[in-house]
file structure_18.pdb (PDB, C-alpha atoms)
ATOM      1  CA  MET A   1     -21.419  14.749  -4.504
ATOM      2  CA  VAL A   2     -18.808  12.252  -5.681
ATOM      3  CA  VAL A   3     -19.735   9.669  -8.330
ATOM      4  CA  GLU A   4     -17.578   6.611  -9.055
ATOM      5  CA  VAL A   5     -18.165   3.668 -11.385
ATOM      6  CA  VAL A   6     -16.474   0.360 -10.524
ATOM      7  CA  ASP A   7     -17.265  -2.932 -12.287
ATOM      8  CA  GLY A   8     -20.160  -1.207 -14.034
ATOM      9  CA  LEU A   9     -21.840  -0.212 -10.758
ATOM     10  CA  VAL A  10     -22.456   3.452  -9.952
ATOM     11  CA  TYR A  11     -21.600   4.673  -6.446
ATOM     12  CA  THR A  12     -22.529   8.097  -5.101
ATOM     13  CA  MET A  13     -21.049   9.597  -1.956
ATOM     14  CA  THR A  14     -21.196  12.917  -0.194
ATOM     15  CA  ARG A  15     -18.173  15.210  -0.372
ATOM     16  CA  PRO A  16     -15.601  14.509   2.347
ATOM     17  CA  ARG A  17     -15.895  16.060   5.810
ATOM     18  CA  PRO A  18     -13.530  18.932   6.630
ATOM     19  CA  ILE A  19     -11.247  16.704   8.760
ATOM     20  CA  HIS A  20     -11.028  14.218   5.871
ATOM     21  CA  GLN A  21     -10.069  17.035   3.478
ATOM     22  CA  ARG A  22      -7.567  18.444   5.950
ATOM     23  CA  VAL A  23      -5.776  15.103   6.462
ATOM     24  CA  GLY A  24      -5.604  14.507   2.700
ATOM     25  CA  GLY A  25      -4.290  18.018   2.125
ATOM     26  CA  GLU A  26      -1.663  17.703   4.851
ATOM     27  CA  LEU A  27      -0.502  14.335   3.502
ATOM     28  CA  HIS A  28      -0.226  15.723  -0.023
ATOM     29  CA  GLY A  29       1.691  18.696   1.347
ATOM     30  CA  GLU A  30       4.111  16.569   3.374
ATOM     31  CA  LEU A  31       4.936  14.347   0.386
ATOM     32  CA  ARG A  32       4.907  17.037  -2.290
ATOM     33  CA  ASP A  33       8.148  18.869  -1.509
ATOM     34  CA  PRO A  34      10.488  15.870  -1.157
ATOM     35  CA  PHE A  35       8.929  13.597  -3.770
ATOM     36  CA  ASP A  36       7.172  15.784  -6.344
ATOM     37  CA  ARG A  37       9.367  18.892  -6.210
ATOM     38  CA  GLY A  38      12.600  17.207  -5.101
ATOM     39  CA  ARG A  39      13.115  19.618  -2.187
ATOM     40  CA  GLY A  40      14.779  17.714   0.631
ATOM     41  CA  GLY A  41      14.107  14.397  -1.066
ATOM     42  CA  PRO A  42      14.652  12.417  -4.247
ATOM     43  CA  GLY A  43      11.846  13.864  -6.391
ATOM     44  CA  GLY A  44      10.723  11.803  -9.372
ATOM     45  CA  TRP A  45       6.997  11.709  -8.599
ATOM     46  CA  VAL A  46       3.819  13.444  -9.731
ATOM     47  CA  LEU A  47       1.428  13.692  -6.759
ATOM     48  CA  LEU A  48      -2.182  14.822  -7.161
ATOM     49  CA  PRO A  49      -5.049  15.312  -4.719
ATOM     50  CA  GLU A  50      -8.323  13.688  -5.810
ATOM     51  CA  PRO A  51      -7.344  12.919  -9.422
ATOM     52  CA  GLU A  52     -10.032  11.629 -11.747
ATOM     53  CA  LEU A  53      -9.011   8.126 -12.886
ATOM     54  CA  SER A  54     -10.411   6.203 -15.847
ATOM     55  CA  LEU A  55      -8.831   2.746 -15.720
ATOM     56  CA  GLY A  56      -9.275  -0.235 -18.021
ATOM     57  CA  ASP A  57     -11.195  -0.971 -21.226
ATOM     58  CA  ARG A  58     -14.616  -0.838 -19.578
ATOM     59  CA  PRO A  59     -13.377   1.977 -17.467
ATOM     60  CA  ASP A  60     -13.546   2.051 -13.748
ATOM     61  CA  LEU A  61     -13.973   5.703 -12.807
ATOM     62  CA  ALA A  62     -12.629   6.609  -9.398
ATOM     63  CA  ALA A  63     -11.014   9.452  -7.483
ATOM     64  CA  PRO A  64      -8.569   8.426  -4.750
ATOM     65  CA  ASP A  65      -7.963  11.035  -2.070
ATOM     66  CA  VAL A  66      -4.318  11.345  -3.138
ATOM     67  CA  ALA A  67      -2.428   9.470  -5.860
ATOM     68  CA  GLY A  68       1.076   9.373  -7.264
ATOM     69  CA  TRP A  69       2.878   8.318 -10.419
ATOM     70  CA  ARG A  70       6.562   7.925 -11.106
ATOM     71  CA  ARG A  71       7.284  10.967 -13.262
ATOM     72  CA  GLU A  72       8.460   8.853 -16.219
ATOM     73  CA  ARG A  73       5.046   7.153 -16.305
ATOM     74  CA  LEU A  74       3.112  10.457 -16.315
ATOM     75  CA  PRO A  75       5.556  12.924 -17.920
ATOM     76  CA  SER A  76       2.953  15.522 -18.942
ATOM     77  CA  PRO A  77      -0.505  16.505 -17.702
ATOM     78  CA  PRO A  78      -3.366  14.625 -19.367
ATOM     79  CA  ARG A  79      -6.207  16.707 -20.798
ATOM     80  CA  GLY A  80      -8.966  14.751 -19.071
ATOM     81  CA  ALA A  81      -9.300  11.807 -16.744
ATOM     82  CA  ILE A  82      -6.041   9.967 -16.121
ATOM     83  CA  SER A  83      -5.872   6.520 -17.734
ATOM     84  CA  VAL A  84      -2.360   5.688 -16.483
ATOM     85  CA  VAL A  85      -2.587   3.418 -13.430
ATOM     86  CA  PRO A  86      -1.116   5.167 -10.373
ATOM     87  CA  ASP A  87       1.959   3.707  -8.696
ATOM     88  CA  TRP A  88       0.493   4.726  -5.321
ATOM     89  CA  VAL A  89      -2.934   5.650  -3.981
ATOM     90  CA  CYS A  90      -4.131   6.853  -0.614
ATOM     91  CA  GLU A  91      -7.649   6.677   0.732
ATOM     92  CA  ILE A  92      -8.678   8.645   3.819
ATOM     93  CA  LEU A  93     -11.162   6.460   5.659
ATOM     94  CA  SER A  94     -14.305   7.923   7.164
ATOM     95  CA  ASP A  95     -17.587   6.495   8.389
ATOM     96  CA  SER A  96     -19.240   7.233   5.054
ATOM     97  CA  THR A  97     -16.446   5.844   2.816
ATOM     98  CA  ARG A  98     -14.757   3.085   4.841
ATOM     99  CA  ARG A  99     -16.747   0.156   3.470
ATOM    100  CA  HIS A 100     -16.560   1.414  -0.122
ATOM    101  CA  ASP A 101     -12.813   2.083   0.131
ATOM    102  CA  LEU A 102     -12.077  -1.353   1.612
ATOM    103  CA  THR A 103     -14.454  -3.599  -0.336
ATOM    104  CA  VAL A 104     -14.757  -1.843  -3.700
ATOM    105  CA  LYS A 105     -11.800   0.451  -4.310
ATOM    106  CA  MET A 106      -8.939  -1.584  -2.806
ATOM    107  CA  PRO A 107      -9.760  -4.667  -4.949
ATOM    108  CA  MET A 108     -10.192  -2.404  -8.000
ATOM    109  CA  TYR A 109      -6.785  -0.782  -7.408
ATOM    110  CA  PHE A 110      -5.213  -4.233  -7.090
ATOM    111  CA  ARG A 111      -6.902  -5.483 -10.263
ATOM    112  CA  HIS A 112      -5.512  -2.539 -12.246
ATOM    113  CA  GLY A 113      -1.960  -2.998 -10.915
ATOM    114  CA  VAL A 114      -1.467  -0.169  -8.409
ATOM    115  CA  GLY A 115       1.843  -0.851  -6.621
ATOM    116  CA  HIS A 116       1.153   0.613  -3.164
ATOM    117  CA  ALA A 117      -1.943   1.696  -1.264
ATOM    118  CA  TRP A 118      -2.199   3.652   1.958
ATOM    119  CA  LEU A 119      -5.234   3.746   4.203
ATOM    120  CA  VAL A 120      -5.305   6.699   6.576
ATOM    121  CA  ASP A 121      -7.914   6.832   9.316
ATOM    122  CA  ALA A 122      -8.472  10.395  10.499
ATOM    123  CA  ASP A 123     -10.601   9.271  13.451
ATOM    124  CA  THR A 124      -8.171   6.734  14.929
ATOM    125  CA  HIS A 125      -5.017   8.534  13.709
ATOM    126  CA  THR A 126      -3.646   5.450  11.978
ATOM    127  CA  LEU A 127      -1.779   4.710   8.767
ATOM    128  CA  GLN A 128      -1.706   1.315   7.063
ATOM    129  CA  VAL A 129       0.683   0.797   4.152
ATOM    130  CA  TYR A 130       0.087  -1.995   1.637
ATOM    131  CA  ARG A 131       2.344  -3.347  -1.086
ATOM    132  CA  ARG A 132       0.976  -5.250  -4.063
ATOM    133  CA  VAL A 133       2.169  -8.868  -4.146
ATOM    134  CA  THR A 134       1.140 -11.692  -6.469
ATOM    135  CA  ASP A 135      -2.014 -12.748  -4.652
ATOM    136  CA  GLY A 136      -3.199  -9.553  -2.962
ATOM    137  CA  TRP A 137      -2.226  -6.667  -0.714
ATOM    138  CA  LEU A 138       0.525  -7.235   1.853
ATOM    139  CA  LEU A 139       0.385  -5.010   4.937
ATOM    140  CA  VAL A 140       3.967  -3.744   5.328
ATOM    141  CA  LEU A 141       3.459  -1.007   7.924
ATOM    142  CA  SER A 142       0.900  -0.047  10.515
ATOM    143  CA  ALA A 143       1.567   3.127  12.482
ATOM    144  CA  SER A 144      -0.393   5.548  14.594
ATOM    145  CA  GLY A 145      -0.444   8.704  16.635
ATOM    146  CA  GLU A 146       2.740  10.733  16.454
ATOM    147  CA  ASP A 147       5.001   8.069  14.940
ATOM    148  CA  VAL A 148       7.603   9.177  12.414
ATOM    149  CA  VAL A 149       7.630   6.558   9.668
ATOM    150  CA  ARG A 150       9.431   5.651   6.481
ATOM    151  CA  ALA A 151       6.523   4.323   4.481
ATOM    152  CA  GLU A 152       6.814   2.641   1.078
ATOM    153  CA  PRO A 153       7.106   3.883  -1.599
ATOM    154  CA  PHE A 154       8.090   7.181   0.064
ATOM    155  CA  ASP A 155      10.603   5.686   2.488
ATOM    156  CA  ALA A 156      13.526   7.907   1.423
ATOM    157  CA  THR A 157      12.418  10.449   4.041
ATOM    158  CA  GLY A 158      10.502  10.285   7.298
ATOM    159  CA  LEU A 159       6.834  11.205   7.562
ATOM    160  CA  ASP A 160       5.747  12.696  10.888
ATOM    161  CA  LEU A 161       2.198  11.422  11.325
ATOM    162  CA  ALA A 162       1.451  14.109  13.919
ATOM    163  CA  THR A 163       1.355  16.663  11.083
ATOM    164  CA  LEU A 164      -1.629  14.848   9.575
ATOM    165  CA  TRP A 165      -3.816  15.098  12.660
ATOM    166  CA  ARG A 166      -3.313  18.787  13.492
ATOM    167  CA  TRP A 167      -6.207  21.102  12.863
TER     168      TRP A 167
END

call {"tool": "encode", "arguments": {"input": "structure_18.pdb", "output": "structure tokens"}}
result
Amino acid sequence: MVVEVVDGLVYTMTRPRPIHQRVGGELHGELRDPFDRGRGGPGGWVLLPEPELSLGDRPDLAAPDVAGWRRERLPSPPRGAISVVPDWVCEILSDSTRRHDLTVKMPMYFRHGVGHAWLVDADTHTLQVYRRVTDGWLLVLSASGEDVVRAEPFDATGLDLATLWRW
């Protein structure tokens, strides 16, 4: 069971389905070498699957499916929940989490200052990339199927979406 607290409200959800976990794991794997390890890409990031976040004074407690920080903003591993706002988050949408991710977590990420958010739909094989702008989230990329994309903030290398959907 997953428990999150946003705006003082407690939300409980079942653990993700295997396909949800697989897509999140594949995405983390595809981004990890070039952006976290600097192999074949610029490096400079810390990428974590399902990190425990504690954001704000009256903390919102959440766990995005994958999140990333510029290395200079998270130079060493925290001992507990991470209180540094991520530069990027990704939520894998599923029937059981879609509404919560869209109506609760996306506004919460915006409120705390997350720079980019990705929504990946494992059922429809789609990726939506959002950039934070003054008054909300701006959709900057929508891709699907087997597209190879350069998606902010990881646009230094291409991401082959087909790798996310393979079982």

call {"tool": "residues_around", "arguments": {"input": "structure_18.pdb", "residues": "stretch 153-167 of chain A", "least_positions_apart": "2", "cutoff": "8 Å", "atoms": "all atoms listed in the file", "output": "PyMOL selection string"}}
result
chain A and resi 19+22-24+26-27+30-31+34-35+41-42+88+116+122+125+144-151

call {"tool": "resolve_selection", "arguments": {"input": "structure_18.pdb", "expression": "the PyMOL selection byres ((chain A and resi 66) around 6)", "output": "PyMOL selection string"}}
result
chain A and resi 48-50+64-65+67+89-90

call {"tool": "atom_distance", "arguments": {"input": "structure_18.pdb", "atom1": "atom CA of A:Gly40", "atom2": "atom CA of A:Val120"}}
result
23.7 Å

call {"tool": "resolve_selection", "arguments": {"input": "structure_18.pdb", "expression": "the PyMOL selection byres ((chain A and resi 138) around 12)", "output": "ChimeraX atom specification"}}
result
/A:106,110,115-118,128-137,139-142,152

call {"tool": "residues_around", "arguments": {"input": "structure_18.pdb", "residues": "A:Met108", "least_positions_apart": "3", "cutoff": "12 Å", "atoms": "only C-alpha atoms", "output": "VMD selection string"}}
result
chain A and resid 4 to 8 53 to 56 59 to 64 85 89 100 to 105 111 to 114 117 136 to 137

call {"tool": "resolve_selection", "arguments": {"input": "structure_18.pdb", "expression": "the PyMOL selection byres ((chain A and resi 71) around 6)", "output": "list in words"}}
result
Gly44, Trp45, Val46, Trp69, Arg70, Glu72, Arg73, Leu74 and Pro75 of chain A

call {"tool": "residues_around", "arguments": {"input": "structure_18.pdb", "residues": "A:Asp121", "least_positions_apart": "2", "cutoff": "7 Å", "atoms": "only C-alpha atoms", "output": "PyMOL selection string"}}
result
chain A and resi 92-94+119+123-127

call {"tool": "axis_aligned_box", "arguments": {"input": "structure_18.pdb", "around": "stretch 149-165 of chain A", "padding_each_side": "4 Å", "output": "AutoDock Vina command-line options"}}
result
--center_x 4.9 --center_y 9.7 --center_z 6.2 --size_x 25.3 --size_y 22.0 --size_z 23.5

call {"tool": "atom_distance", "arguments": {"input": "structure_18.pdb", "atom1": "atom CA of A:Ser83", "atom2": "atom CA of A:Glu52"}}
result
8.9 Å

call {"tool": "closest_residue", "arguments": {"input": "structure_18.pdb", "among": "A:Pro77, A:Tyr109, A:Gly29, A:Thr12", "to": "A:Ser96", "atoms": "all atoms listed in the file"}}
result
A:Thr12

call {"tool": "build_atoms", "arguments": {"input": "structure_18.pdb", "residues": "stretch 10-36 of chain A", "atoms": "N, CA and C atoms", "output": "mmCIF file, in the coordinates of the input"}}
result
data_model
loop_
_atom_site.group_PDB
_atom_site.id
_atom_site.type_symbol
_atom_site.label_atom_id
_atom_site.label_comp_id
_atom_site.auth_asym_id
_atom_site.auth_seq_id
_atom_site.Cartn_x
_atom_site.Cartn_y
_atom_site.Cartn_z
ATOM 1 N N VAL A 10 -22.594 2.035 -10.269
ATOM 2 C CA VAL A 10 -22.456 3.452 -9.952
ATOM 3 C C VAL A 10 -22.573 3.643 -8.444
ATOM 4 N N TYR A 11 -21.616 4.366 -7.881
ATOM 5 C CA TYR A 11 -21.600 4.673 -6.446
ATOM 6 C C TYR A 11 -21.621 6.187 -6.282
ATOM 7 N N THR A 12 -22.503 6.670 -5.415
ATOM 8 C CA THR A 12 -22.529 8.097 -5.101
ATOM 9 C C THR A 12 -22.222 8.273 -3.620
ATOM 10 N N MET A 13 -21.437 9.305 -3.339
ATOM 11 C CA MET A 13 -21.049 9.597 -1.956
ATOM 12 C C MET A 13 -21.083 11.101 -1.747
ATOM 13 N N THR A 14 -21.270 11.501 -0.510
ATOM 14 C CA THR A 14 -21.196 12.917 -0.194
ATOM 15 C C THR A 14 -19.741 13.369 -0.260
ATOM 16 N N ARG A 15 -19.529 14.661 -0.403
ATOM 17 C CA ARG A 15 -18.173 15.210 -0.372
ATOM 18 C C ARG A 15 -17.566 14.928 0.995
ATOM 19 N N PRO A 16 -16.254 14.822 1.073
ATOM 20 C CA PRO A 16 -15.601 14.509 2.347
ATOM 21 C C PRO A 16 -15.819 15.591 3.410
ATOM 22 N N ARG A 17 -15.811 15.143 4.670
ATOM 23 C CA ARG A 17 -15.895 16.060 5.810
ATOM 24 C C ARG A 17 -14.637 16.924 5.855
ATOM 25 N N PRO A 18 -14.707 18.064 6.535
ATOM 26 C CA PRO A 18 -13.530 18.932 6.630
ATOM 27 C C PRO A 18 -12.286 18.226 7.184
ATOM 28 N N ILE A 19 -12.430 17.376 8.196
ATOM 29 C CA ILE A 19 -11.247 16.704 8.760
ATOM 30 C C ILE A 19 -10.625 15.770 7.722
ATOM 31 N N HIS A 20 -11.464 15.110 6.949
ATOM 32 C CA HIS A 20 -11.028 14.218 5.871
ATOM 33 C C HIS A 20 -10.220 15.029 4.843
ATOM 34 N N GLN A 21 -10.757 16.175 4.441
ATOM 35 C CA GLN A 21 -10.069 17.035 3.478
ATOM 36 C C GLN A 21 -8.750 17.547 4.043
ATOM 37 N N ARG A 22 -8.773 17.908 5.315
ATOM 38 C CA ARG A 22 -7.567 18.444 5.950
ATOM 39 C C ARG A 22 -6.451 17.395 5.966
ATOM 40 N N VAL A 23 -6.778 16.171 6.394
ATOM 41 C CA VAL A 23 -5.776 15.103 6.462
ATOM 42 C C VAL A 23 -5.212 14.821 5.066
ATOM 43 N N GLY A 24 -6.078 14.732 4.066
ATOM 44 C CA GLY A 24 -5.604 14.507 2.700
ATOM 45 C C GLY A 24 -4.713 15.636 2.207
ATOM 46 N N GLY A 25 -5.093 16.868 2.521
ATOM 47 C CA GLY A 25 -4.290 18.018 2.125
ATOM 48 C C GLY A 25 -2.935 18.047 2.810
ATOM 49 N N GLU A 26 -2.927 17.733 4.109
ATOM 50 C CA GLU A 26 -1.663 17.703 4.851
ATOM 51 C C GLU A 26 -0.745 16.603 4.322
ATOM 52 N N LEU A 27 -1.315 15.433 4.037
ATOM 53 C CA LEU A 27 -0.502 14.335 3.502
ATOM 54 C C LEU A 27 0.095 14.730 2.152
ATOM 55 N N HIS A 28 -0.724 15.268 1.277
ATOM 56 C CA HIS A 28 -0.226 15.723 -0.023
ATOM 57 C C HIS A 28 0.890 16.740 0.173
ATOM 58 N N GLY A 29 0.682 17.677 1.087
ATOM 59 C CA GLY A 29 1.691 18.696 1.347
ATOM 60 C C GLY A 29 2.999 18.133 1.881
ATOM 61 N N GLU A 30 2.905 17.167 2.788
ATOM 62 C CA GLU A 30 4.111 16.569 3.374
ATOM 63 C C GLU A 30 4.923 15.790 2.339
ATOM 64 N N LEU A 31 4.248 15.152 1.402
ATOM 65 C CA LEU A 31 4.936 14.347 0.386
ATOM 66 C C LEU A 31 5.372 15.172 -0.823
ATOM 67 N N ARG A 32 4.689 16.267 -1.065
ATOM 68 C CA ARG A 32 4.907 17.037 -2.290
ATOM 69 C C ARG A 32 6.329 17.592 -2.415
ATOM 70 N N ASP A 33 6.816 18.270 -1.381
ATOM 71 C CA ASP A 33 8.148 18.869 -1.509
ATOM 72 C C ASP A 33 9.236 17.829 -1.766
ATOM 73 N N PRO A 34 9.373 16.795 -0.926
ATOM 74 C CA PRO A 34 10.488 15.870 -1.157
ATOM 75 C C PRO A 34 10.324 14.966 -2.381
ATOM 76 N N PHE A 35 9.098 14.608 -2.726
ATOM 77 C CA PHE A 35 8.929 13.597 -3.770
ATOM 78 C C PHE A 35 8.449 14.154 -5.107
ATOM 79 N N ASP A 36 7.642 15.187 -5.100
ATOM 80 C CA ASP A 36 7.172 15.784 -6.344
ATOM 81 C C ASP A 36 8.123 16.894 -6.792
#
